[in-house]
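The structure appears right after this line, and notes come after that.
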Amino acid sequence: TTSLSVVENIENSISIYPNPTQNNINVKFEETISNASYRLIDVAGREVVTSTLNGVSSLNLDLSNQNNGVYFLMINIEGEVITKKIIKQ
């Protein structure tokens, strides 16, 4: 079990910009991430994108083909899930 402070540290080490966005979202991690995965889910709960993260410190998501609205980026790092809200305009 990971302590709450560790989860908060992981969550605080992730920056997402620009948010709101019109096309692309950049996700930046303070450290290199391995053995992780992410899912982008729309407000209706549909999985839009899913992939793994190995040896990366940043991620670029192209949302240009997605409808405007609210999305949730769920990042699973070592069993801990961090959810970030993204707005596409």
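Note on naming: chains are A, B, ... as they come in the structure tokens, residues start from 1 per chain, ligands start from 1 in the order shown.
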Quick one: residues within 9 Å of Ser13 in chain A, only C-alpha atoms, excluding same-chain residues fewer than 6 positions away - as a ChimeraX atom specification? /A:28-31
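The nearest approach to Met74 in chain A among the residues A:Asn35, A:Ser58, A:Ile25, A:Ile86, with only C-alpha atoms taken into account, belongs to A:Ile86.
Taking chain A and asking which residues DSSP calls alpha helix (DSSP H) on the backbone, you get Leu4, Ser5, Val6, Val7, Glu8, Asn9, Ile10, Glu11 and Asn12 of chain A.
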Do a neighbour search on Asp42 in chain A at 8 Å with only C-alpha atoms, toss out local chain neighbours closer than 5 positions, and write the hits as a ChimeraX atom specification. /A:47-48,69-72
For Ser37 in chain A, which residue among A:Gln22, A:Glu78, A:Glu11, A:Asp62 is the nearest when counting only C-alpha atoms? A:Glu78
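In terms of minimum interatomic distance to Val43 in chain A, A:Lys85 ranks closest within A:Ser57, A:Ser15, A:Lys85, A:Asn65, counting only C-alpha atoms.
Nearest-residue note for Val49 in chain A: choosing from A:Gln66, A:Gln89, A:Asn76, A:Thr32, the minimum distance belongs to A:Gln66, counting only C-alpha atoms.
Rounded to one decimal, CA of Lys88 in chain A and CA of Thr21 in chain A lie 5.0 Å from each other.
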Excluding Asn24 in chain A and residues on its chain fewer than 5 positions from it, collect all residues at most 10 Å away from it, counting only C-alpha atoms, and give them as an MDAnalysis selection string. chainID A and resid 17:19 60:64 88
Next, the residues of the selection above should be written as a CSV table (one decimal), in the first residue's frame with C-alpha atoms.
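For reference, part13.csv as written:
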chain,number,residue,atom,x,y,z
A,17,TYR,CA,-1.0,22.0,-20.4
A,18,PRO,CA,-2.6,23.7,-22.1
A,19,ASN,CA,-5.8,23.0,-20.3
A,60,ASN,CA,1.6,14.4,-26.1
A,61,LEU,CA,-2.1,13.6,-26.7
A,62,ASP,CA,-3.8,14.7,-29.9
A,63,LEU,CA,-7.4,15.5,-29.2
A,64,SER,CA,-8.1,17.3,-32.5
A,88,LYS,CA,-11.4,20.3,-24.9
